[in-house]
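Enquirer: What follows is a single structure, and I will ask about it in a moment.
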Amino acid sequence: MNENKKKELAVAALENGTVIDHIPSDSLFKVVDLLGIQSLENSVTIGNNLDSKKYGRKGIIKVADVTFPESTLNRIAIIAPNAVINEIKDYEVVNKRKVSLPDDIYGIVKCSNPKCITNNEPMRTHFHVIDRDNMVLKCHYCERTEVKDKITLK
């Protein structure tokens, strides 16, 4: 088997399903948790610390026979803003797109304000995206802003 063929086989081909590529290696398992992949019964392939010409190292997730809703996939943008979603049908990519932050984020990010109602009552968090480029979020309830490097996932 030639060297190029060996490299291609590092992660098996997918007949139908979803491939999430260009995930930072240190965020891969956060994406797995965010999507609830560990509870799926479908075939799942997870690759971590794979070579990437663009990013050095990356993670990839392949889920057979599942097409995630766009709203679910866009949640990934919080922790993997350069992730690429590939929908696969009959071994071919039929749709390829980058994730994008939704306007509102529910139940994913923890508010850093200890007095915020979301930290004191059993309710889900709600943030508005106020700056997509710098990933700045604002709590719907207490109006505290959260910036990219300080965001904590629930």
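We name chains A, B, ... following the order of the structure tokens; residues begin at 1 in each chain, and ligands are numbered from 1 as shown.
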Distance table requested - region 27-118 of chain A against region 122-132 of chain A, cut-off 6 Å, only C-alpha atoms: one row per qualifying residue with the closest atom pair and its distance in Å to one decimal, ordered by chain and rising residue number, as a tab-separated table.

Expert:
```
residue	atom	partner	partner_atom	distance
A:Asp103	CA	A:Val129	CA	5.3
A:Asp104	CA	A:His128	CA	4.6
A:Ile105	CA	A:Phe127	CA	5.1
A:Tyr106	CA	A:His126	CA	4.6
A:Gly107	CA	A:Thr125	CA	4.7
A:Thr118	CA	A:Met123	CA	5.6
```

Enquirer: Need to verify the contact set: Val63 (chain A), 12 Å, only C-alpha atoms, exclusion of same-chain residues closer than 6 positions in sequence. Can you return it as a VMD selection string?

Expert: chain A and resid 11 to 21 32 35 to 47 85 to 88

Enquirer: Tell me which protein, DNA and RNA residues are within 10 Å of Glu70 (chain A), counting only C-alpha atoms, leaving out same-chain ones fewer than 4 positions away, and put them as a list in words.

Expert: Asn74, Arg75, Ile85, Val99, Ser100 and Pro102 of chain A

Enquirer: Restrict the selected residues to C-alpha atoms and save them as a CSV table (one decimal), in the first residue's frame.

Expert:
```csv
chain,number,residue,atom,x,y,z
A,74,ASN,CA,-24.1,26.1,15.4
A,75,ARG,CA,-23.7,25.6,19.2
A,85,ILE,CA,-19.7,20.6,8.9
A,99,VAL,CA,-20.4,26.8,11.9
A,100,SER,CA,-21.8,30.2,12.8
A,102,PRO,CA,-26.6,31.8,16.6
```
